[in-house]
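The file my_file_20.csv comes next; it holds CSV, C-alpha atoms.
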chain,number,residue,atom,x,y,z
A,1,MET,CA,4.2,20.7,-26.8
A,2,ASP,CA,7.6,20.9,-24.9
A,3,PHE,CA,8.9,18.1,-22.7
A,4,PRO,CA,7.9,19.5,-19.3
A,5,ALA,CA,4.3,20.0,-20.6
A,6,LYS,CA,4.1,16.5,-21.9
A,7,CYS,CA,5.3,15.2,-18.6
A,8,LEU,CA,2.6,17.2,-16.8
A,9,VAL,CA,-0.1,15.8,-19.1
A,10,CYS,CA,1.2,12.2,-18.6
A,11,TRP,CA,1.2,12.7,-14.8
A,12,PHE,CA,-2.4,14.0,-14.8
A,13,ILE,CA,-3.7,11.1,-16.9
A,14,PHE,CA,-1.8,8.6,-14.8
A,15,PHE,CA,-3.5,9.8,-11.6
A,16,PHE,CA,-6.9,11.0,-12.8
A,17,GLY,CA,-7.6,9.0,-16.0
A,18,PRO,CA,-7.9,10.2,-19.6
A,19,PHE,CA,-9.9,13.3,-20.6
A,20,HIS,CA,-13.5,12.8,-21.9
A,21,ARG,CA,-15.7,15.1,-23.9
A,22,PRO,CA,-19.4,15.0,-22.9
A,23,THR,CA,-21.3,12.4,-24.9
A,24,THR,CA,-25.0,11.9,-25.4
A,25,GLN,CA,-24.8,8.9,-23.1
A,26,MET,CA,-23.5,11.1,-20.3
A,27,ALA,CA,-26.1,13.8,-20.8
A,28,VAL,CA,-29.0,14.2,-18.3
A,29,LEU,CA,-31.9,12.0,-19.2
A,30,ARG,CA,-35.0,13.8,-20.5
A,31,VAL,CA,-37.8,14.2,-18.0
A,32,LYS,CA,-40.6,11.7,-18.6
A,33,LEU,CA,-42.5,12.0,-15.3
A,34,ALA,CA,-43.1,14.9,-12.9
A,35,LEU,CA,-44.4,14.1,-9.5
A,36,ILE,CA,-46.2,17.2,-8.3
A,37,ASP,CA,-47.1,18.3,-4.8
A,38,LEU,CA,-50.5,20.0,-4.5
A,39,SER,CA,-51.0,22.3,-1.5
A,40,GLY,CA,-48.5,25.1,-1.6
A,41,THR,CA,-47.3,24.1,-5.0
A,42,LEU,CA,-50.2,24.2,-7.4
A,43,HIS,CA,-52.7,25.9,-5.0
A,44,VAL,CA,-53.2,27.4,-1.6
A,45,ASP,CA,-56.7,26.5,-0.4
A,46,ASP,CA,-59.0,27.6,-3.2
A,47,GLN,CA,-56.5,29.8,-5.1
A,48,PRO,CA,-54.1,28.5,-7.8
A,49,THR,CA,-50.5,29.6,-7.4
A,50,VAL,CA,-49.4,32.2,-10.0
A,51,GLY,CA,-49.5,30.7,-13.5
A,52,ALA,CA,-50.0,27.1,-12.3
A,53,VAL,CA,-53.0,26.2,-14.4
A,54,GLU,CA,-51.4,27.2,-17.7
A,55,ALA,CA,-48.0,25.8,-16.7
A,56,LEU,CA,-49.5,22.3,-16.0
A,57,LYS,CA,-51.0,22.4,-19.5
A,58,ARG,CA,-47.6,23.3,-21.0
A,59,LEU,CA,-45.9,20.5,-19.2
A,60,ARG,CA,-48.4,17.9,-20.5
A,61,GLN,CA,-48.1,19.4,-24.1
A,62,HIS,CA,-44.3,18.9,-23.8
A,63,GLY,CA,-44.9,15.2,-23.4
A,64,VAL,CA,-44.2,14.9,-19.6
A,65,GLN,CA,-46.4,12.5,-17.7
A,66,VAL,CA,-47.7,13.9,-14.4
A,67,LYS,CA,-48.8,12.4,-11.1
A,68,PHE,CA,-50.0,14.4,-8.2
A,69,VAL,CA,-48.4,13.2,-4.9
A,70,THR,CA,-49.8,14.7,-1.8
A,71,ASN,CA,-49.7,14.4,2.0
A,72,THR,CA,-53.0,16.2,2.1
A,73,THR,CA,-55.2,14.5,4.7
A,74,LYS,CA,-57.8,17.1,5.6
A,75,GLU,CA,-60.0,15.9,2.7
A,76,SER,CA,-60.8,12.8,0.7
A,77,VAL,CA,-59.4,12.2,-2.8
A,78,GLY,CA,-62.8,12.9,-4.2
A,79,SER,CA,-63.1,16.3,-2.5
A,80,LEU,CA,-59.6,17.2,-3.5
A,81,TYR,CA,-60.2,16.3,-7.1
A,82,ASP,CA,-63.4,18.4,-7.1
A,83,ARG,CA,-61.6,21.3,-5.6
A,84,LEU,CA,-58.8,21.2,-8.2
A,85,ARG,CA,-61.2,21.0,-11.1
A,86,LYS,CA,-63.3,23.8,-9.7
A,87,ILE,CA,-60.3,26.2,-9.6
A,88,GLY,CA,-59.3,25.4,-13.2
A,89,PHE,CA,-56.9,22.5,-13.2
A,90,GLU,CA,-57.3,19.7,-15.8
A,91,LEU,CA,-56.6,16.3,-14.4
A,92,GLN,CA,-58.0,12.8,-13.9
A,93,ARG,CA,-58.9,11.5,-10.4
A,94,ASP,CA,-56.6,8.5,-10.8
A,95,GLU,CA,-53.6,10.9,-11.3
A,96,ILE,CA,-53.8,11.8,-7.6
A,97,TYR,CA,-51.7,9.6,-5.4
A,98,GLY,CA,-52.1,10.5,-1.8
A,99,SER,CA,-50.7,9.4,1.5
A,100,LEU,CA,-54.3,9.0,2.7
A,101,GLY,CA,-54.9,6.2,0.2
A,102,ALA,CA,-51.6,4.6,1.0
A,103,ALA,CA,-52.5,4.7,4.7
A,104,ALA,CA,-55.9,3.1,3.9
A,105,GLU,CA,-54.1,0.3,2.1
A,106,TYR,CA,-51.8,-0.2,5.1
A,107,VAL,CA,-54.7,-0.5,7.4
A,108,ARG,CA,-56.4,-3.1,5.2
A,109,ARG,CA,-53.3,-5.1,4.6
A,110,ASN,CA,-52.5,-5.3,8.4
A,111,ASN,CA,-56.2,-5.9,9.4
A,112,LEU,CA,-56.1,-3.0,11.8
A,113,ASN,CA,-59.1,-1.5,13.7
A,114,PRO,CA,-57.9,2.0,14.4
A,115,TYR,CA,-59.0,5.0,16.4
A,116,TYR,CA,-58.9,7.7,13.7
A,117,LEU,CA,-57.6,11.2,14.3
A,118,LEU,CA,-58.8,12.4,10.9
A,119,THR,CA,-61.5,14.8,9.5
A,120,ASP,CA,-64.9,13.3,8.7
A,121,ASP,CA,-64.2,13.8,5.0
A,122,ALA,CA,-60.8,12.0,5.2
A,123,ARG,CA,-62.5,9.1,7.1
A,124,THR,CA,-64.5,8.3,4.0
A,125,ASP,CA,-61.3,7.1,2.3
A,126,MET,CA,-60.5,4.8,5.2
A,127,PRO,CA,-61.8,1.3,6.1
A,128,PRO,CA,-64.7,1.4,8.6
A,129,ASN,CA,-64.2,0.3,12.2
A,130,ASP,CA,-65.3,-3.1,13.3
A,131,PRO,CA,-67.5,-2.6,16.4
A,132,GLU,CA,-67.0,-6.2,17.4
A,133,ARG,CA,-63.3,-5.8,17.9
A,134,ALA,CA,-61.2,-3.7,20.3
A,135,LEU,CA,-59.3,-0.7,18.9
A,136,ASP,CA,-55.7,-1.8,18.2
A,137,SER,CA,-54.1,1.2,16.6
A,138,VAL,CA,-54.3,5.0,16.0
A,139,VAL,CA,-54.2,6.7,12.6
A,140,VAL,CA,-53.2,10.4,12.6
A,141,GLY,CA,-53.6,12.9,9.8
A,142,LEU,CA,-54.2,16.6,9.6
A,143,ALA,CA,-57.4,17.1,11.6
A,144,PRO,CA,-57.3,20.5,13.4
A,145,GLU,CA,-60.7,20.0,15.0
A,146,ARG,CA,-59.6,16.6,16.5
A,147,PHE,CA,-56.4,17.9,18.0
A,148,CYS,CA,-57.9,18.7,21.4
A,149,TYR,CA,-57.3,17.0,24.8
A,150,GLU,CA,-60.4,14.8,24.6
A,151,HIS,CA,-59.4,13.1,21.3
A,152,LEU,CA,-55.7,13.0,21.9
A,153,ASN,CA,-56.2,11.4,25.3
A,154,GLU,CA,-58.5,8.7,23.7
A,155,ALA,CA,-55.7,8.0,21.2
A,156,PHE,CA,-53.2,7.8,24.1
A,157,ARG,CA,-55.4,5.3,25.9
A,158,VAL,CA,-55.6,3.0,22.8
A,159,LEU,CA,-51.8,3.0,22.4
A,160,HIS,CA,-51.2,2.7,26.2
A,161,GLN,CA,-52.8,-0.8,26.0
A,162,ARG,CA,-49.5,-2.1,24.6
A,163,SER,CA,-48.2,-5.2,26.3
A,164,VAL,CA,-46.6,-8.6,25.5
A,165,LYS,CA,-50.0,-9.9,24.6
A,166,GLN,CA,-51.5,-6.8,23.1
A,167,GLN,CA,-49.7,-5.2,20.2
A,168,VAL,CA,-50.7,-1.7,19.0
A,169,GLN,CA,-49.6,0.5,16.1
A,170,LEU,CA,-49.3,4.3,15.7
A,171,VAL,CA,-49.8,5.1,12.0
A,172,ALA,CA,-48.8,8.6,10.8
A,173,VAL,CA,-50.3,9.4,7.5
A,174,HIS,CA,-47.5,11.9,7.4
A,175,GLU,CA,-45.4,13.9,9.9
A,176,GLY,CA,-45.5,17.4,8.4
A,177,ARG,CA,-44.4,20.2,10.8
A,178,TYR,CA,-46.5,22.9,9.2
A,179,TYR,CA,-48.2,23.9,6.0
A,180,LYS,CA,-49.4,27.0,4.1
A,181,ALA,CA,-53.0,28.0,4.6
A,182,LYS,CA,-54.7,31.1,3.2
A,183,ASP,CA,-54.2,33.0,6.4
A,184,GLY,CA,-50.5,32.0,6.8
A,185,ILE,CA,-48.4,29.2,8.1
A,186,ALA,CA,-50.3,26.6,10.2
A,187,LEU,CA,-49.3,23.7,12.5
A,188,GLY,CA,-49.1,20.3,10.9
A,189,PRO,CA,-49.8,16.8,12.5
A,190,GLY,CA,-46.1,16.0,13.1
A,191,CYS,CA,-46.0,17.4,16.7
A,192,PHE,CA,-49.1,15.4,17.7
A,193,VAL,CA,-47.5,12.2,16.3
A,194,LYS,CA,-44.3,12.9,18.2
A,195,GLY,CA,-46.3,13.7,21.4
A,196,LEU,CA,-48.1,10.3,21.2
A,197,GLU,CA,-44.8,8.6,20.6
A,198,TYR,CA,-43.2,10.3,23.6
A,199,SER,CA,-46.2,9.6,25.9
A,200,THR,CA,-46.7,5.9,25.0
A,201,GLY,CA,-43.3,4.7,23.8
A,202,VAL,CA,-44.9,3.4,20.6
A,203,PRO,CA,-42.9,4.4,17.5
A,204,ALA,CA,-44.9,5.7,14.6
A,205,VAL,CA,-45.0,4.1,11.1
A,206,CYS,CA,-44.9,7.0,8.7
A,207,ILE,CA,-46.7,6.3,5.4
A,208,GLY,CA,-46.5,9.4,3.2
A,209,LYS,CA,-43.6,11.7,2.0
A,210,PRO,CA,-40.7,11.5,2.6
A,211,ASN,CA,-41.0,7.7,2.9
A,212,GLU,CA,-39.0,6.0,0.1
A,213,TYR,CA,-41.8,3.4,-0.4
A,214,PHE,CA,-44.3,6.2,-1.0
A,215,PHE,CA,-42.2,7.7,-3.8
A,216,ARG,CA,-41.3,4.4,-5.4
A,217,SER,CA,-45.0,3.2,-5.4
A,218,ALA,CA,-46.0,6.4,-7.2
A,219,LEU,CA,-43.9,5.5,-10.3
A,220,PRO,CA,-45.6,3.8,-13.3
A,221,ASP,CA,-43.9,0.7,-14.8
A,222,GLY,CA,-41.2,1.5,-17.2
A,223,ILE,CA,-40.1,4.8,-15.7
A,224,ASP,CA,-36.7,5.1,-14.1
A,225,VAL,CA,-36.1,7.4,-11.1
A,226,ALA,CA,-33.5,9.3,-13.2
A,227,GLU,CA,-36.2,10.3,-15.6
A,228,CYS,CA,-38.4,11.8,-12.9
A,229,VAL,CA,-38.5,15.1,-11.0
A,230,MET,CA,-40.4,16.0,-7.8
A,231,ILE,CA,-41.8,19.5,-7.6
A,232,GLY,CA,-42.9,20.7,-4.1
A,233,ASP,CA,-42.9,23.3,-1.4
A,234,ASP,CA,-41.3,21.2,1.3
A,235,PRO,CA,-37.5,21.0,1.2
A,236,ASN,CA,-37.4,17.7,3.2
A,237,ASP,CA,-40.6,15.8,2.6
A,238,ASP,CA,-40.9,16.7,-1.1
A,239,CYS,CA,-37.4,17.4,-2.5
A,240,LEU,CA,-34.8,15.7,-0.4
A,241,GLY,CA,-37.0,12.7,0.1
A,242,ALA,CA,-37.3,12.2,-3.7
A,243,MET,CA,-33.6,13.0,-4.2
A,244,ARG,CA,-32.6,10.2,-1.8
A,245,ILE,CA,-33.9,7.6,-4.3
A,246,GLY,CA,-32.3,9.3,-7.4
A,247,MET,CA,-34.9,11.9,-8.6
A,248,LYS,CA,-34.3,15.6,-9.0
A,249,GLY,CA,-36.1,17.7,-6.4
A,250,TYR,CA,-37.3,21.2,-7.4
A,251,LEU,CA,-38.4,23.5,-4.6
A,252,VAL,CA,-41.0,26.3,-5.1
A,253,GLU,CA,-41.4,29.4,-2.9
A,254,THR,CA,-45.3,29.6,-3.0
A,255,GLY,CA,-46.0,27.4,0.0
A,256,LYS,CA,-44.4,26.5,3.3
A,257,TYR,CA,-40.8,27.2,2.2
A,258,GLN,CA,-39.8,30.6,3.5
A,259,PRO,CA,-36.5,31.7,1.8
A,260,GLU,CA,-36.1,34.6,4.2
A,261,LYS,CA,-35.4,32.1,7.0
A,262,TYR,CA,-32.2,30.8,5.3
A,263,THR,CA,-28.8,32.2,4.5
A,264,ASP,CA,-26.8,31.3,1.4
A,265,GLU,CA,-24.8,28.9,3.5
A,266,ASP,CA,-27.7,26.9,4.9
A,267,ARG,CA,-30.2,27.0,2.0
A,268,PRO,CA,-31.7,23.5,1.3
A,269,ALA,CA,-29.4,21.4,-0.9
A,270,VAL,CA,-32.1,20.7,-3.5
A,271,SER,CA,-31.7,20.4,-7.3
A,272,GLY,CA,-33.2,23.9,-7.8
A,273,ILE,CA,-35.2,26.6,-6.1
A,274,PHE,CA,-37.8,28.5,-8.1
A,275,PRO,CA,-40.3,31.3,-7.4
A,276,THR,CA,-43.3,29.3,-8.7
A,277,PHE,CA,-44.4,26.0,-10.3
A,278,SER,CA,-44.6,27.8,-13.6
A,279,ASP,CA,-40.9,28.7,-13.4
A,280,VAL,CA,-40.0,25.0,-12.8
A,281,VAL,CA,-42.0,24.0,-15.9
A,282,GLN,CA,-40.2,26.6,-18.0
A,283,HIS,CA,-36.8,25.2,-16.7
A,284,ILE,CA,-37.8,21.7,-17.6
A,285,ILE,CA,-38.9,22.7,-21.1
A,286,SER,CA,-35.8,24.8,-21.7
A,287,SER,CA,-33.4,22.2,-20.4
A,288,SER,CA,-35.0,19.6,-22.7
A,289,ALA,CA,-34.6,21.9,-25.7
A,290,GLU,CA,-30.9,22.2,-25.0
A,291,GLN,CA,-30.2,18.5,-24.9
Take the structure from the file and write it as structure tokens.
Amino acid sequence: MDFPAKCLVCWFIFFFGPFHRPTTQMAVLRVKLALIDLSGTLHVDDQPTVGAVEALKRLRQHGVQVKFVTNTTKESVGSLYDRLRKIGFELQRDEIYGSLGAAAEYVRRNNLNPYYLLTDDARTDMPPNDPERALDSVVVGLAPERFCYEHLNEAFRVLHQRSVKQQVQLVAVHEGRYYKAKDGIALGPGCFVKGLEYSTGVPAVCIGKPNEYFFRSALPDGIDVAECVMIGDDPNDDCLGAMRIGMKGYLVETGKYQPEKYTDEDRPAVSGIFPTFSDVVQHIISSSAEQ
């Protein structure tokens, strides 16, 4: 190496530090846990997404733990579990961690007596009302048959009681903008939550994804966030929410995400975008084999 080249190398090291070859310590950690969204990712209503049933089996066979994290609030955990088993998925009921259950725990912990904007099935997962107490809160989930003037106005009246002496709470099980149904994209509960916030001045407490607490409370003991991936169909609530606490976020195109609405410049800045859940599983397995 001639003198000018040596000088250039010395100058580079002085300003940027010495060169390093990749080491095993610097390599990406092997995936130990996959948090998996349900609606739009594994299934749409009563139809599994392409290859999802077999892909879930392959992921388990590869030694990856799974937990199903969902903002689904139209049905109870029991009904959701029965639906998934019926359409071919192998899982345990306690592998489902939903925002509905987290909201029920929030209601119990804060001793609330809510007015529920929920489906009758979802109500079975929630604490019952106390008829001897006044209503002091509103809980909102995805309940299309409840989103009419009569029920929304009743929720408004509960929240409008707020005063110095009367504290009230607006609890959003989640604030999804829309979701994928079998007949196309459908309106989520988020706009009704925002409408109640606007009309009453009561800020909502959001329980489900993308809440950081929701993701962290889904992790088993001994699993680091760097060893986890989140797989879902919502760029913000699933992927970016998980990425904010250090996980990888993999987005699928089988649900609410509509790639045709994005350009290359404004595509969601997630860890990866894949056509299906099966493609994500293949990526995880292939990446592990390369390490």
Using all atoms listed in the file, I'd like a table of the residues in segment 228-278 of chain A that come within 9 Å of segment 51-64 of chain A; for each, show the closest atom pair and its distance in Å rounded to one decimal, ordered by chain and ascending number, as CSV.
residue,atom,partner,partner_atom,distance
A:Thr276,CA,A:Ala52,CA,7.9
A:Phe277,CA,A:Ala52,CA,6.0
A:Ser278,CA,A:Ala55,CA,5.0
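Taking atom CA of Pro210 of chain A and atom CA of Asn129 of chain A as endpoints, the distance between them is 27.7 Å.
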* To do: Using only C-alpha atoms, find all polymer residues with an atom at most 7 Å away from the point (-54.4, -1.9, 19.7); report them as a PyMOL selection string.
  => chain A and resi 135-137+158-159+161-162+166-169
* To do: Please identify all polymer residues within 12 Å of Lys32 of chain A, counting all atoms listed in the file, omitting same-chain residues fewer than 4 positions from it, and present them as JSON, numbers by chain.
  => {"A": [28, 59, 60, 62, 63, 64, 65, 66, 67, 219, 220, 222, 223, 224, 225, 226, 227, 228, 229, 230, 247, 284, 285, 288]}
Deliver the residues from the most recent selection as a file, using C-alpha atoms, as an mmCIF file, in the frame of the given file.
data_model
loop_
_atom_site.group_PDB
_atom_site.id
_atom_site.type_symbol
_atom_site.label_atom_id
_atom_site.label_comp_id
_atom_site.auth_asym_id
_atom_site.auth_seq_id
_atom_site.Cartn_x
_atom_site.Cartn_y
_atom_site.Cartn_z
ATOM 1 C CA VAL A 28 -29.000 14.200 -18.300
ATOM 2 C CA LEU A 59 -45.900 20.500 -19.200
ATOM 3 C CA ARG A 60 -48.400 17.900 -20.500
ATOM 4 C CA HIS A 62 -44.300 18.900 -23.800
ATOM 5 C CA GLY A 63 -44.900 15.200 -23.400
ATOM 6 C CA VAL A 64 -44.200 14.900 -19.600
ATOM 7 C CA GLN A 65 -46.400 12.500 -17.700
ATOM 8 C CA VAL A 66 -47.700 13.900 -14.400
ATOM 9 C CA LYS A 67 -48.800 12.400 -11.100
ATOM 10 C CA LEU A 219 -43.900 5.500 -10.300
ATOM 11 C CA PRO A 220 -45.600 3.800 -13.300
ATOM 12 C CA GLY A 222 -41.200 1.500 -17.200
ATOM 13 C CA ILE A 223 -40.100 4.800 -15.700
ATOM 14 C CA ASP A 224 -36.700 5.100 -14.100
ATOM 15 C CA VAL A 225 -36.100 7.400 -11.100
ATOM 16 C CA ALA A 226 -33.500 9.300 -13.200
ATOM 17 C CA GLU A 227 -36.200 10.300 -15.600
ATOM 18 C CA CYS A 228 -38.400 11.800 -12.900
ATOM 19 C CA VAL A 229 -38.500 15.100 -11.000
ATOM 20 C CA MET A 230 -40.400 16.000 -7.800
ATOM 21 C CA MET A 247 -34.900 11.900 -8.600
ATOM 22 C CA ILE A 284 -37.800 21.700 -17.600
ATOM 23 C CA ILE A 285 -38.900 22.700 -21.100
ATOM 24 C CA SER A 288 -35.000 19.600 -22.700
#
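Proximity to Ala143 of chain A was assessed for A:Val50, A:Ile273, A:Leu187, A:Ile231 counting only C-alpha atoms; the smallest distance is recorded for A:Leu187.
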Residues within 12 Å of (-35.8, 25.3, -19.1), file coords, only C-alpha atoms, listed as a compact mmCIF listing (two decimals) with C-alpha atoms, keeping the file's coordinate frame:
# COMPACT_ATOMS: atom_id res chain seq x y z
CA ARG A 30 -35.00 13.80 -20.50
CA VAL A 31 -37.80 14.20 -18.00
CA LEU A 59 -45.90 20.50 -19.20
CA HIS A 62 -44.30 18.90 -23.80
CA GLY A 272 -33.20 23.90 -7.80
CA PHE A 274 -37.80 28.50 -8.10
CA SER A 278 -44.60 27.80 -13.60
CA ASP A 279 -40.90 28.70 -13.40
CA VAL A 280 -40.00 25.00 -12.80
CA VAL A 281 -42.00 24.00 -15.90
CA GLN A 282 -40.20 26.60 -18.00
CA HIS A 283 -36.80 25.20 -16.70
CA ILE A 284 -37.80 21.70 -17.60
CA ILE A 285 -38.90 22.70 -21.10
CA SER A 286 -35.80 24.80 -21.70
CA SER A 287 -33.40 22.20 -20.40
CA SER A 288 -35.00 19.60 -22.70
CA ALA A 289 -34.60 21.90 -25.70
CA GLU A 290 -30.90 22.20 -25.00
CA GLN A 291 -30.20 18.50 -24.90
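Minimum atom-to-atom distances from A:Ile207, A:Ala102, A:Ala122, A:Val193 to Gly78 of chain A were compared using only C-alpha atoms, and the lowest value belongs to A:Ala122.
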* Structure fact -> Between atom CA of Lys86 of chain A and atom CA of Val173 of chain A lies a distance of 25.9 Å
* Would you mind telling me which residue in A:Thr73, A:Gln92, A:Thr49, A:Gln258 lies nearest to Met126 of chain A when using all atoms listed in the file? => A:Thr73
* Within 12 Å of segment 188-192 of chain A, counting all atoms listed in the file, which residues qualify if same-chain residues fewer than 6 places away don't, as a ChimeraX atom specification? -> /A:71-74,117-118,138-149,151-153,155-156,170-181,198-199,204,206,208,237,256
* Rounded to one decimal place, report the atom CA of Ile96 of chain A-atom CA of Gly255 of chain A distance in Å. =>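 Straight-line distance from atom CA of Ile96 of chain A to atom CA of Gly255 of chain A works out to 19.0 Å.
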* Structure fact -> From the list A:Pro114, A:Ser39, A:Tyr97, A:Glu154, the nearest residue to Arg83 of chain A using all atoms listed in the file is A:Ser39
* Using only C-alpha atoms, find the one residue out of A:Asp238, A:Asp233, A:Glu197, A:Asp82 that sits nearest to Thr254 of chain A. =>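 Nearest to Thr254 of chain A: A:Asp233.
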* **8 Å contact set for Val77 of chain A, all atoms listed in the file, chain neighbours under 2 positions out, as a PyMOL selection string** => chain A and resi 75+79-81+93+96+98+125
